[in-house]
$ cat model_3.csv   # CSV, C-alpha atoms
chain,number,residue,atom,x,y,z
U,1,MET,CA,110.4,34.6,66.4
U,2,ALA,CA,111.7,34.0,62.9
U,3,ASN,CA,114.3,36.2,61.2
U,4,ASP,CA,112.9,37.6,58.0
U,5,GLY,CA,116.3,37.7,56.4
U,6,SER,CA,116.8,41.5,56.6
U,7,GLY,CA,119.8,41.1,58.9
U,8,GLU,CA,121.3,39.3,61.8
U,9,MET,CA,119.3,38.9,65.0
U,10,LYS,CA,121.0,39.8,68.2
U,11,THR,CA,120.2,38.7,71.7
U,12,ARG,CA,120.3,41.5,74.2
U,13,THR,CA,119.6,41.7,77.9
U,14,PHE,CA,117.0,44.3,78.9
U,15,VAL,CA,117.3,45.4,82.5
U,16,VAL,CA,113.9,47.0,83.0
U,17,THR,CA,112.8,49.0,86.1
U,18,ARG,CA,109.6,47.5,87.6
U,19,PHE,CA,107.4,49.0,90.3
U,20,ASP,CA,104.0,47.7,91.4
U,21,PRO,CA,102.4,50.3,93.7
U,22,ASP,CA,100.3,47.5,95.4
U,23,LYS,CA,103.3,45.3,96.3
U,24,ASP,CA,106.6,47.2,96.0
U,25,GLN,CA,108.0,49.8,98.4
U,26,VAL,CA,110.7,50.9,96.0
U,27,PRO,CA,111.3,50.1,92.3
U,28,LYS,CA,113.4,47.1,91.4
U,29,THR,CA,114.8,45.8,88.1
U,30,GLN,CA,114.0,42.7,86.1
U,31,SER,CA,116.0,41.3,83.2
U,32,TYR,CA,114.7,39.9,79.9
U,33,GLN,CA,116.6,38.2,77.2
U,34,VAL,CA,115.2,39.3,73.8
U,35,SER,CA,116.3,38.3,70.3
U,36,CYS,CA,116.2,41.7,68.5
U,37,ARG,CA,116.0,42.4,64.8
U,38,PRO,CA,118.7,44.8,63.6
U,39,GLU,CA,116.2,47.6,62.7
U,40,TRP,CA,114.4,47.5,66.0
U,41,LYS,CA,114.0,50.6,68.2
U,42,VAL,CA,114.0,50.3,72.0
U,43,LEU,CA,110.2,50.6,72.0
U,44,ASP,CA,110.0,47.5,69.7
U,45,ALA,CA,111.9,45.4,72.2
U,46,LEU,CA,109.6,46.7,75.1
U,47,ASN,CA,106.6,45.8,73.0
U,48,PHE,CA,108.0,42.4,72.3
U,49,ILE,CA,108.6,41.9,76.1
U,50,LYS,CA,105.0,43.0,76.8
U,51,ASP,CA,103.5,40.9,74.0
U,52,GLU,CA,105.6,37.7,74.2
U,53,ILE,CA,107.3,37.4,77.6
U,54,ASP,CA,105.7,39.4,80.4
U,55,PRO,CA,102.2,41.0,79.9
U,56,THR,CA,102.4,42.7,83.3
U,57,LEU,CA,105.0,45.2,82.0
U,58,SER,CA,103.6,48.7,81.8
U,59,HIS,CA,104.9,51.4,79.5
U,60,ARG,CA,103.4,54.3,77.6
U,61,TRP,CA,103.5,54.6,73.8
U,62,SER,CA,101.3,55.5,70.9
U,63,CYS,CA,102.4,56.9,67.5
U,64,ARG,CA,105.8,55.1,67.0
U,65,MET,CA,107.0,58.1,65.0
U,66,ALA,CA,108.3,60.7,67.5
U,67,VAL,CA,105.2,62.8,67.3
U,68,CYS,CA,103.1,61.9,70.3
U,69,GLY,CA,105.8,62.2,72.9
U,70,SER,CA,104.4,59.3,75.0
U,71,CYS,CA,107.4,56.9,75.0
U,72,GLY,CA,110.0,59.0,76.8
U,73,MET,CA,112.2,56.8,79.1
U,74,ASN,CA,115.7,56.7,80.4
U,75,VAL,CA,117.7,54.3,78.3
U,76,ASN,CA,121.1,53.5,79.7
U,77,GLY,CA,120.7,56.5,82.0
U,78,ALA,CA,119.9,59.1,79.2
U,79,PRO,CA,116.4,60.4,78.5
U,80,LYS,CA,115.3,59.1,75.0
U,81,LEU,CA,112.2,58.8,72.9
U,82,THR,CA,112.2,55.0,72.7
U,83,CYS,CA,110.4,54.9,69.4
U,84,LYS,CA,113.3,57.0,67.9
U,85,THR,CA,116.2,55.3,69.6
U,86,SER,CA,117.8,52.4,67.6
U,87,LEU,CA,119.0,49.4,69.5
U,88,SER,CA,122.1,49.4,67.3
U,89,GLU,CA,123.3,52.4,69.4
U,90,TYR,CA,123.7,50.0,72.3
U,91,GLY,CA,125.6,46.9,73.3
U,92,ASP,CA,124.5,43.6,74.7
U,93,THR,CA,122.8,45.1,77.8
U,94,VAL,CA,120.2,47.9,77.7
U,95,GLU,CA,118.9,49.4,80.8
U,96,VAL,CA,115.4,50.9,80.5
U,97,ALA,CA,114.0,53.0,83.4
U,98,PRO,CA,111.2,55.6,83.8
U,99,LEU,CA,112.2,59.2,83.1
U,100,ALA,CA,114.4,60.6,85.8
U,101,ASN,CA,113.0,63.3,88.1
U,102,PHE,CA,109.4,62.1,87.9
U,103,PRO,CA,107.4,60.1,90.4
U,104,VAL,CA,106.6,56.6,89.1
U,105,ILE,CA,103.1,55.3,88.9
U,106,ARG,CA,104.0,51.8,87.7
U,107,ASP,CA,107.0,50.2,86.0
U,108,LEU,CA,108.0,52.7,83.2
U,109,VAL,CA,104.9,54.9,83.6
U,110,ILE,CA,105.5,58.3,85.2
U,111,GLU,CA,103.2,60.7,87.0
U,112,MET,CA,102.5,63.6,84.7
U,113,ASP,CA,100.3,65.8,86.9
U,114,GLY,CA,103.2,67.9,88.2
U,115,PHE,CA,104.2,68.6,84.6
U,116,MET,CA,100.7,69.6,83.6
U,117,GLU,CA,100.4,72.0,86.6
U,118,LYS,CA,103.6,73.7,85.4
U,119,PHE,CA,102.3,73.9,81.9
U,120,LYS,CA,99.1,75.6,82.9
U,121,ALA,CA,101.1,78.1,85.1
U,122,VAL,CA,102.5,79.8,82.0
U,123,LYS,CA,99.1,80.5,80.4
U,124,PRO,CA,99.8,78.6,77.2
U,125,TRP,CA,97.1,80.1,75.1
U,126,ILE,CA,96.6,83.3,73.1
U,127,ILE,CA,95.6,86.2,75.4
U,128,VAL,CA,93.9,89.2,73.8
U,129,ALA,CA,92.5,92.2,75.5
U,130,LYS,CA,89.3,92.0,73.4
U,131,GLU,CA,88.1,89.0,71.4
U,132,LYS,CA,87.5,89.7,67.7
U,133,ALA,CA,84.0,89.2,66.4
U,134,VAL,CA,83.8,86.4,63.9
U,135,ASP,CA,82.9,88.8,61.1
U,136,GLU,CA,86.1,90.7,61.7
U,137,GLY,CA,88.0,87.8,60.1
U,138,THR,CA,90.9,85.7,61.2
U,139,ASN,CA,94.1,86.9,62.9
U,140,ARG,CA,96.7,87.2,60.2
U,141,GLN,CA,100.3,86.4,60.6
U,142,SER,CA,103.2,86.8,58.2
U,143,PRO,CA,105.7,84.1,57.6
U,144,ALA,CA,108.4,86.2,59.3
U,145,GLN,CA,106.2,86.6,62.4
U,146,LEU,CA,105.6,82.9,62.4
U,147,ALA,CA,109.3,82.2,62.1
U,148,GLU,CA,110.0,84.0,65.4
U,149,PHE,CA,108.3,81.3,67.5
U,150,LYS,CA,107.7,78.3,65.2
U,151,GLN,CA,110.7,76.4,66.6
U,152,PHE,CA,109.3,76.7,70.1
U,153,SER,CA,105.9,75.4,69.0
U,154,MET,CA,107.3,72.1,67.9
U,155,CYS,CA,107.5,70.7,71.4
U,156,ILE,CA,105.7,67.3,71.7
U,157,ASN,CA,105.6,67.4,75.6
U,158,CYS,CA,107.7,64.3,75.8
U,159,MET,CA,109.3,65.6,79.1
U,160,LEU,CA,112.8,64.4,78.2
U,161,CYS,CA,114.0,67.9,79.0
U,162,TYR,CA,112.7,67.6,82.6
U,163,ALA,CA,114.4,64.3,83.0
U,164,ALA,CA,117.7,65.8,81.9
U,165,CYS,CA,117.6,69.2,83.7
U,166,PRO,CA,119.8,69.4,86.8
U,167,VAL,CA,117.7,72.3,88.2
U,168,VAL,CA,114.5,70.2,88.1
U,169,ALA,CA,116.2,67.6,90.3
U,170,LYS,CA,116.9,70.1,93.0
U,171,GLU,CA,114.1,72.7,92.8
U,172,PRO,CA,110.7,71.1,92.8
U,173,ASP,CA,109.0,74.5,92.0
U,174,PHE,CA,111.1,75.2,88.9
U,175,LEU,CA,108.7,75.6,86.0
U,176,GLY,CA,111.2,73.7,83.8
U,177,PRO,CA,112.3,73.9,80.2
U,178,ALA,CA,109.2,72.8,78.2
U,179,ALA,CA,106.7,75.0,80.1
U,180,ILE,CA,108.9,78.1,79.9
U,181,ALA,CA,109.6,77.4,76.2
U,182,LEU,CA,105.8,77.2,75.6
U,183,GLY,CA,105.2,80.5,77.5
U,184,HIS,CA,108.0,82.1,75.5
U,185,ARG,CA,106.4,80.7,72.3
U,186,TYR,CA,103.2,82.6,73.1
U,187,ASN,CA,105.1,85.8,74.1
U,188,MET,CA,106.7,85.7,70.7
U,189,ASP,CA,103.4,85.2,68.9
U,190,SER,CA,102.3,88.4,67.1
U,191,ARG,CA,98.6,87.6,67.8
U,192,ASP,CA,99.2,87.4,71.5
U,193,GLU,CA,98.8,90.3,74.0
U,194,GLY,CA,99.6,88.4,77.2
U,195,ALA,CA,103.4,88.8,77.3
U,196,ALA,CA,103.2,91.2,80.3
U,197,GLN,CA,101.3,88.6,82.3
U,198,ARG,CA,103.7,85.8,81.4
U,199,ASN,CA,106.8,88.0,82.0
U,200,GLU,CA,105.5,88.7,85.5
U,201,ILE,CA,105.3,84.9,86.1
U,202,PHE,CA,108.8,84.5,84.6
U,203,ARG,CA,110.2,87.1,87.0
U,204,GLY,CA,108.8,85.1,89.9
U,205,GLU,CA,110.5,82.4,92.1
U,206,GLY,CA,111.4,79.2,90.4
U,207,THR,CA,111.1,80.3,86.8
U,208,VAL,CA,113.6,81.6,84.2
U,209,PHE,CA,116.2,82.8,86.6
U,210,SER,CA,116.5,79.4,88.3
U,211,CYS,CA,117.9,78.1,85.0
U,212,SER,CA,121.7,77.8,85.2
U,213,TYR,CA,122.0,77.2,81.4
U,214,ALA,CA,123.4,73.7,81.7
U,215,ASN,CA,121.9,73.3,78.2
U,216,GLU,CA,121.0,69.6,78.9
U,217,CYS,CA,117.3,70.2,77.9
U,218,SER,CA,118.4,71.2,74.4
U,219,GLU,CA,120.9,68.4,74.1
U,220,VAL,CA,118.2,65.7,74.7
U,221,CYS,CA,115.3,67.4,72.9
U,222,PRO,CA,114.2,65.0,70.1
U,223,LYS,CA,112.5,67.7,68.1
U,224,ASN,CA,115.3,70.4,68.2
U,225,VAL,CA,113.0,72.8,70.0
U,226,ASP,CA,116.0,74.2,71.9
U,227,PRO,CA,114.3,75.0,75.2
U,228,ALA,CA,117.5,76.4,76.7
U,229,ALA,CA,117.4,79.1,74.0
U,230,ALA,CA,113.8,79.9,74.9
U,231,VAL,CA,114.5,80.0,78.7
U,232,ASN,CA,117.4,82.3,78.2
U,233,GLN,CA,115.7,84.6,75.7
U,234,ALA,CA,112.8,84.8,78.2
U,235,LYS,CA,115.2,86.0,80.9
U,236,LEU,CA,116.2,89.1,78.9
U,237,ASN,CA,112.7,89.7,77.6
U,238,SER,CA,111.3,89.6,81.1
U,239,VAL,CA,113.9,92.1,82.3
U,240,ILE,CA,113.2,94.4,79.4
U,241,ASP,CA,109.5,94.1,80.1
U,242,TRP,CA,110.1,95.0,83.8
U,243,ALA,CA,112.2,98.1,82.8
U,244,THR,CA,109.6,99.1,80.2
U,245,SER,CA,106.8,98.9,82.8
U,246,PHE,CA,108.3,102.0,84.5
U,247,VAL,CA,108.0,104.0,81.3
U,248,VAL,CA,104.9,102.7,79.6
U,249,LYS,CA,101.7,102.6,81.7
U,250,ARG,CA,99.8,99.3,81.4
U,251,GLU,CA,96.2,98.6,82.0
U,252,LYS,CA,95.6,96.1,84.8
P,253,MET,CA,119.2,54.7,90.7
P,254,ALA,CA,119.8,57.6,93.1
P,255,ARG,CA,117.3,60.1,94.4
P,256,PRO,CA,117.3,63.7,93.1
P,257,SER,CA,118.5,66.2,95.6
P,258,ASP,CA,114.9,67.1,96.1
P,259,PRO,CA,112.5,64.1,96.6
P,260,HIS,CA,109.5,66.2,95.5
P,261,ALA,CA,110.8,66.9,92.0
P,262,MET,CA,107.9,67.0,89.5
P,263,THR,CA,105.4,65.9,92.2
P,264,PRO,CA,102.0,67.5,91.8
P,265,ARG,CA,100.8,69.8,94.5
P,266,LYS,CA,97.7,67.6,95.1
P,267,PRO,CA,98.7,64.0,95.2
P,268,GLY,CA,96.8,61.6,93.0
P,269,SER,CA,94.9,58.5,94.2
P,270,THR,CA,97.7,56.1,93.2
P,271,ARG,CA,100.7,55.6,95.4
P,272,THR,CA,103.8,56.5,93.4
P,273,ALA,CA,107.5,55.7,93.7
P,274,PRO,CA,109.6,58.8,94.4
P,275,PRO,CA,111.6,60.3,91.5
P,276,THR,CA,115.1,59.1,90.8
P,277,VAL,CA,118.1,60.1,88.8
P,278,PRO,CA,120.7,57.7,87.3
P,279,ASP,CA,123.5,56.9,89.7
P,280,ASP,CA,126.1,58.2,87.1
P,281,PHE,CA,124.1,61.3,86.3
P,282,TRP,CA,126.9,63.6,87.5
P,283,THR,CA,129.8,61.8,85.8
P,284,ARG,CA,128.4,61.8,82.3
P,285,PRO,CA,130.6,63.9,80.0
P,286,ARG,CA,128.2,66.8,79.3
P,287,MET,CA,127.2,67.0,83.0
P,288,LEU,CA,130.8,66.8,84.1
P,289,THR,CA,131.6,69.7,81.7
P,290,TYR,CA,128.8,71.7,83.2
P,291,LEU,CA,129.9,70.9,86.8
P,292,LEU,CA,133.5,72.0,85.9
P,293,PHE,CA,132.0,75.2,84.5
P,294,ASP,CA,130.2,75.8,87.8
P,295,ALA,CA,133.3,74.8,89.8
P,296,THR,CA,135.3,77.6,88.1
P,297,GLY,CA,133.5,79.9,90.5
P,298,ILE,CA,135.8,78.6,93.2
P,299,VAL,CA,138.8,79.6,91.1
P,300,TYR,CA,137.4,83.1,90.6
P,301,LEU,CA,136.7,83.4,94.4
P,302,LEU,CA,140.4,82.6,95.0
P,303,VAL,CA,141.5,85.0,92.3
P,304,GLY,CA,139.4,87.7,94.1
P,305,LEU,CA,141.2,86.9,97.4
P,306,VAL,CA,144.5,87.1,95.6
P,307,ALA,CA,143.5,90.5,94.2
P,308,LEU,CA,142.6,91.7,97.7
P,309,ARG,CA,146.1,90.6,98.9
P,310,VAL,CA,147.6,92.5,96.0
P,311,ALA,CA,145.6,95.6,97.1
P,312,TRP,CA,146.7,95.1,100.7
P,313,ALA,CA,150.4,94.8,99.6
P,314,LEU,CA,150.1,97.9,97.5
P,315,GLY,CA,149.1,99.9,100.5
P,316,SER,CA,151.7,98.4,102.8
P,317,GLY,CA,154.8,99.7,101.3
P,318,ARG,CA,157.6,98.7,99.0
P,319,ALA,CA,158.8,95.7,101.0
P,320,ALA,CA,155.4,94.1,101.2
P,321,TRP,CA,154.9,94.6,97.5
P,322,ASP,CA,158.3,93.1,96.6
P,323,ALA,CA,157.7,90.1,98.9
P,324,LEU,CA,154.3,89.5,97.2
P,325,MET,CA,155.8,89.8,93.7
P,326,GLN,CA,158.5,87.3,94.8
P,327,SER,CA,155.9,84.9,96.1
P,328,PHE,CA,154.1,85.0,92.8
P,329,ALA,CA,157.1,83.3,91.3
P,330,SER,CA,156.7,80.3,93.5
P,331,PRO,CA,155.5,77.0,91.9
P,332,GLY,CA,152.2,77.1,93.9
P,333,TYR,CA,151.2,80.5,92.5
P,334,LEU,CA,152.4,79.6,89.0
P,335,ILE,CA,150.1,76.5,89.1
P,336,PHE,CA,147.2,78.5,90.5
P,337,HIS,CA,147.5,81.2,87.8
P,338,ALA,CA,147.7,78.5,85.1
P,339,ILE,CA,144.5,77.0,86.5
P,340,ALA,CA,142.9,80.4,86.6
P,341,LEU,CA,143.9,81.0,82.9
P,342,VAL,CA,142.5,77.6,81.8
P,343,SER,CA,139.3,78.4,83.8
P,344,ALA,CA,138.9,81.7,82.1
P,345,LEU,CA,139.5,80.2,78.6
P,346,PHE,CA,137.0,77.4,79.4
P,347,VAL,CA,134.3,79.7,80.7
P,348,GLY,CA,134.8,82.1,77.8
P,349,VAL,CA,134.6,79.4,75.1
P,350,ARG,CA,131.5,77.8,76.7
P,351,PHE,CA,129.8,81.2,77.3
P,352,PHE,CA,130.5,82.4,73.8
P,353,ARG,CA,129.2,79.1,72.3
P,354,LEU,CA,125.9,79.5,74.2
P,355,PHE,CA,125.6,83.3,74.1
P,356,PRO,CA,124.1,83.7,70.5
P,357,LYS,CA,121.0,81.5,71.1
P,358,ALA,CA,120.2,83.3,74.3
P,359,GLN,CA,119.6,86.5,72.3
P,360,PRO,CA,116.0,87.5,71.8
P,361,ALA,CA,114.6,87.5,68.3
P,362,HIS,CA,114.5,91.3,68.4
P,363,ILE,CA,114.6,94.2,70.8
P,364,GLY,CA,112.1,96.6,69.3
P,365,PRO,CA,113.0,96.9,65.7
P,366,ALA,CA,116.6,95.8,66.2
P,367,LYS,CA,117.6,92.3,65.5
P,368,PRO,CA,120.8,90.6,66.8
P,369,PRO,CA,123.5,89.7,64.2
P,370,PRO,CA,123.7,86.1,63.0
P,371,PRO,CA,125.1,83.7,65.6
P,372,ALA,CA,128.5,83.2,63.7
P,373,VAL,CA,129.0,87.0,63.5
P,374,LEU,CA,128.0,87.5,67.1
P,375,GLN,CA,130.4,84.8,68.2
P,376,ALA,CA,133.2,86.4,66.1
P,377,MET,CA,132.5,89.8,67.7
P,378,LEU,CA,132.8,88.3,71.1
P,379,TYR,CA,136.1,86.6,70.3
P,380,VAL,CA,137.5,89.8,68.6
P,381,ALA,CA,136.5,91.8,71.7
P,382,TRP,CA,138.0,89.3,74.1
P,383,ILE,CA,141.3,89.2,72.1
P,384,GLY,CA,141.4,92.9,71.7
P,385,ILE,CA,140.8,93.7,75.4
P,386,THR,CA,143.5,91.1,76.3
P,387,ILE,CA,146.0,92.7,74.0
P,388,VAL,CA,145.3,96.2,75.4
P,389,LEU,CA,145.6,95.0,79.0
P,390,LEU,CA,148.9,93.2,78.2
P,391,ALA,CA,150.2,96.3,76.6
P,392,VAL,CA,149.2,98.6,79.5
P,393,LEU,CA,150.4,96.2,82.2
P,394,GLY,CA,153.6,95.5,80.3
P,395,GLY,CA,154.3,99.2,80.0
P,396,VAL,CA,154.3,99.1,76.2
P,397,TRP,CA,151.3,101.3,75.8
P,398,PRO,CA,150.3,104.1,76.2
$ encode --input "model_3.csv" --output "structure tokens"
Amino acid sequence: MANDGSGEMKTRTFVVTRFDPDKDQVPKTQSYQVSCRPEWKVLDALNFIKDEIDPTLSHRWSCRMAVCGSCGMNVNGAPKLTCKTSLSEYGDTVEVAPLANFPVIRDLVIEMDGFMEKFKAVKPWIIVAKEKAVDEGTNRQSPAQLAEFKQFSMCINCMLCYAACPVVAKEPDFLGPAAIALGHRYNMDSRDEGAAQRNEIFRGEGTVFSCSYANECSEVCPKNVDPAAAVNQAKLNSVIDWATSFVVKREK
Amino acid sequence: MARPSDPHAMTPRKPGSTRTAPPTVPDDFWTRPRMLTYLLFDATGIVYLLVGLVALRVAWALGSGRAAWDALMQSFASPGYLIFHAIALVSALFVGVRFFRLFPKAQPAHIGPAKPPPPAVLQAMLYVAWIGITIVLLAVLGGVWP
């Protein structure tokens, strides 16, 4: 590969986790020497390995601009979006592994089904008692109402928060940061009428009260969603909802 | 890579058709600075447990007469107790600072029509309350007030 003159090339060793479900009992590592351009992200190096050195390497990626959330991996032990993580942050050796806390399908590709189950569990859609007829017009929302939940709607489902969360590692039933943040996002939406249903879920086993507020999810979030804030706001909201349910009668 | 404490972390309830490798966590997961800080925060619970036991001992000495009380007060001047109380003070400061840092963002956007004050104001209120209560307690226990 030729240097285009934009800076000094640097050779790095990439220690990449490999797992072939047809051959391997447990994951192993494989090292690759890659001459990296100074502006490269970790994903660029992985794509170079895949294209030029070892086409058997499997990893997920798509947009290359921190929007799709596909390329989350553990880089030197920390969960990162590899398309957003510059190689200049690292030294001569870079370890790339699949996201922690997830089963691995192949190499750097994780099993997402458990995550999707947790997502569905919080009913991440607008719930209304009675659907509006089309001729009744759209559901209006003021900028102030939008501002109450907008931050929590910016999640790209990259799952870095699950890889960072110490509770996910020890409680398999824990709904986890992104799913709870999404449920909280709908609870805060002025168009939604399903907060009581979600708060009942939140008061159950393995949900908001399993969170010990380590704050790791917010530290690693690449979109500044701050899931720890959502989870801990949901704690108080679900308790207030529980107390209110004794005073205000609700239709089942 | 080490295994998480639960090997079924993030595993779907119904297994897929492909065999998967079990989830892992990095070997040094627990020694990274942020995680270490969090673990120290959790470990302060042990200090508070011991403080509680000391408080029980104080209560017992209080009900056991003047001699027991004086002996306890004298033992508090020993190096072991001084070190323990220094650790308890550092633990309280550490937990307070961490809690006050995280407290504002845990507040809901509103409770009914009432909205919480801005984070900086909320944090300032917590510190003022903490310092105020400490001063009052010192004044009462030191016999200066009331």
$ residues_near_point --input "model_3.csv" --point "(104.4, 67.8, 94.7)" --cutoff "10 Å" --atoms "all atoms listed in the file" --output "PyMOL selection string"
(chain U and resi 103+113-114+117+172-173) or (chain P and resi 259-268)
$ write_last_selection --input "model_3.csv" --atoms "C-alpha atoms" --output "mmCIF file, in the coordinates of the input"
data_model
loop_
_atom_site.group_PDB
_atom_site.id
_atom_site.type_symbol
_atom_site.label_atom_id
_atom_site.label_comp_id
_atom_site.auth_asym_id
_atom_site.auth_seq_id
_atom_site.Cartn_x
_atom_site.Cartn_y
_atom_site.Cartn_z
ATOM 1 C CA PRO U 103 107.400 60.100 90.400
ATOM 2 C CA ASP U 113 100.300 65.800 86.900
ATOM 3 C CA GLY U 114 103.200 67.900 88.200
ATOM 4 C CA GLU U 117 100.400 72.000 86.600
ATOM 5 C CA PRO U 172 110.700 71.100 92.800
ATOM 6 C CA ASP U 173 109.000 74.500 92.000
ATOM 7 C CA PRO P 259 112.500 64.100 96.600
ATOM 8 C CA HIS P 260 109.500 66.200 95.500
ATOM 9 C CA ALA P 261 110.800 66.900 92.000
ATOM 10 C CA MET P 262 107.900 67.000 89.500
ATOM 11 C CA THR P 263 105.400 65.900 92.200
ATOM 12 C CA PRO P 264 102.000 67.500 91.800
ATOM 13 C CA ARG P 265 100.800 69.800 94.500
ATOM 14 C CA LYS P 266 97.700 67.600 95.100
ATOM 15 C CA PRO P 267 98.700 64.000 95.200
ATOM 16 C CA GLY P 268 96.800 61.600 93.000
#
$ residues_around --input "model_3.csv" --residues "Val122 in chain U" --least-positions-apart "2" --cutoff "12 Å" --atoms "only C-alpha atoms" --output "PyMOL selection string"
chain U and resi 115-120+124-127+174-187+194-204+207-208
$ closest_atom_pairs --input "model_3.csv" --of "chain U" --to "chain P" --cutoff "9 Å" --atoms "all atoms listed in the file" --output "Markdown table"
| residue | atom | partner | partner_atom | distance |
| --- | --- | --- | --- | --- |
| U:Phe19 | CA | P:Ala273 | CA | 7.5 |
| U:Pro21 | CA | P:Arg271 | CA | 5.8 |
| U:Asp22 | CA | P:Arg271 | CA | 8.1 |
| U:Asp24 | CA | P:Ala273 | CA | 8.9 |
| U:Gln25 | CA | P:Ala273 | CA | 7.6 |
| U:Val26 | CA | P:Ala273 | CA | 6.2 |
| U:Pro27 | CA | P:Ala273 | CA | 6.9 |
| U:Asn74 | CA | P:Pro278 | CA | 8.6 |
| U:Asn76 | CA | P:Pro278 | CA | 8.7 |
| U:Gly77 | CA | P:Pro278 | CA | 5.4 |
| U:Ala78 | CA | P:Pro278 | CA | 8.3 |
| U:Pro98 | CA | P:Thr276 | CA | 8.7 |
| U:Leu99 | CA | P:Thr276 | CA | 8.2 |
| U:Ala100 | CA | P:Val277 | CA | 4.8 |
| U:Asn101 | CA | P:Pro275 | CA | 4.7 |
| U:Phe102 | CA | P:Pro275 | CA | 4.6 |
| U:Pro103 | CA | P:Pro275 | CA | 4.3 |
| U:Val104 | CA | P:Ala273 | CA | 4.8 |
| U:Ile105 | CA | P:Thr272 | CA | 4.7 |
| U:Arg106 | CA | P:Thr272 | CA | 7.4 |
| U:Ile110 | CA | P:Thr272 | CA | 8.6 |
| U:Glu111 | CA | P:Thr263 | CA | 7.7 |
| U:Met112 | CA | P:Met262 | CA | 8.0 |
| U:Asp113 | CA | P:Pro264 | CA | 5.5 |
| U:Gly114 | CA | P:Pro264 | CA | 3.8 |
| U:Phe115 | CA | P:Met262 | CA | 6.3 |
| U:Met116 | CA | P:Pro264 | CA | 8.6 |
| U:Glu117 | CA | P:Pro264 | CA | 7.1 |
| U:Lys118 | CA | P:Met262 | CA | 9.0 |
| U:Glu148 | CA | P:Ala361 | CA | 6.5 |
| U:Phe149 | CA | P:Ala361 | CA | 8.9 |
| U:Tyr162 | CA | P:Met262 | CA | 8.4 |
| U:Ala163 | CA | P:Val277 | CA | 8.1 |
| U:Ala164 | CA | P:Val277 | CA | 9.0 |
| U:Pro166 | CA | P:Met287 | CA | 8.7 |
| U:Val168 | CA | P:Ala261 | CA | 6.3 |
| U:Ala169 | CA | P:Pro256 | CA | 4.9 |
| U:Lys170 | CA | P:Asp258 | CA | 4.8 |
| U:Glu171 | CA | P:Asp258 | CA | 6.5 |
| U:Pro172 | CA | P:Ala261 | CA | 4.3 |
| U:Asp173 | CA | P:Ala261 | CA | 7.8 |
| U:Phe174 | CA | P:Met262 | CA | 8.8 |
| U:Met188 | CA | P:Ala361 | CA | 8.5 |
| U:Tyr213 | CA | P:Leu354 | CA | 8.5 |
| U:Ala214 | CA | P:Tyr290 | CA | 6.0 |
| U:Asn215 | CA | P:Leu354 | CA | 8.4 |
| U:Glu216 | CA | P:Arg286 | CA | 7.7 |
| U:Asp226 | CA | P:Lys357 | CA | 8.9 |
| U:Ala228 | CA | P:Ala358 | CA | 7.8 |
| U:Ala229 | CA | P:Ala358 | CA | 5.1 |
| U:Ala230 | CA | P:Ala358 | CA | 7.3 |
| U:Val231 | CA | P:Ala358 | CA | 7.9 |
| U:Asn232 | CA | P:Ala358 | CA | 4.9 |
| U:Gln233 | CA | P:Pro360 | CA | 4.9 |
| U:Ala234 | CA | P:Pro360 | CA | 7.6 |
| U:Lys235 | CA | P:Ala358 | CA | 8.7 |
| U:Leu236 | CA | P:Pro360 | CA | 7.3 |
| U:Asn237 | CA | P:Pro360 | CA | 7.0 |
| U:Ile240 | CA | P:Ile363 | CA | 8.7 |
$ atom_distance --input "model_3.csv" --atom1 "CA of Val167 in chain U" --atom2 "CA of Ser210 in chain U"
7.2 Å
$ axis_aligned_box --input "model_3.csv" --around "range 124-133 of chain U" --padding-each-side "4 Å" --output "AutoDock Vina command-line options"
--center_x 91.9 --center_y 85.4 --center_z 71.8 --size_x 23.8 --size_y 21.6 --size_z 18.8
$ atom_distance --input "model_3.csv" --atom1 "CA of Val75 in chain U" --atom2 "CA of Cys161 in chain U"
14.1 Å
$ residues_around --input "model_3.csv" --residues "Ser70 in chain U" --least-positions-apart "2" --cutoff "6 Å" --atoms "all atoms listed in the file" --output "PDB file with C-alpha atoms, in the frame of the given file"
ATOM      1  CA  ARG U  60     103.400  54.300  77.600  1.00  0.00           C
ATOM      2  CA  TRP U  61     103.500  54.600  73.800  1.00  0.00           C
ATOM      3  CA  CYS U  68     103.100  61.900  70.300  1.00  0.00           C
ATOM      4  CA  GLY U  72     110.000  59.000  76.800  1.00  0.00           C
TER       5      GLY U  72
END
$ closest_residue --input "model_3.csv" --among "U:Gln30, U:Cys165, U:Val134, U:Thr82" --to "Asn47 in chain U" --atoms "only C-alpha atoms"
U:Thr82
$ closest_residue --input "model_3.csv" --among "P:Ser327, P:Ala340, P:Gly332, P:Trp312" --to "Gly297 in chain P" --atoms "all atoms listed in the file"
P:Ala340
$ atom_distance --input "model_3.csv" --atom1 "CA of Ala147 in chain U" --atom2 "CA of Val225 in chain U"
12.8 Å
$ residues_around --input "model_3.csv" --residues "range 372-386 of chain P" --least-positions-apart "2" --cutoff "8 Å" --atoms "all atoms listed in the file" --output "ChimeraX atom specification"
/P:352-353,355-356,368-370,388-390
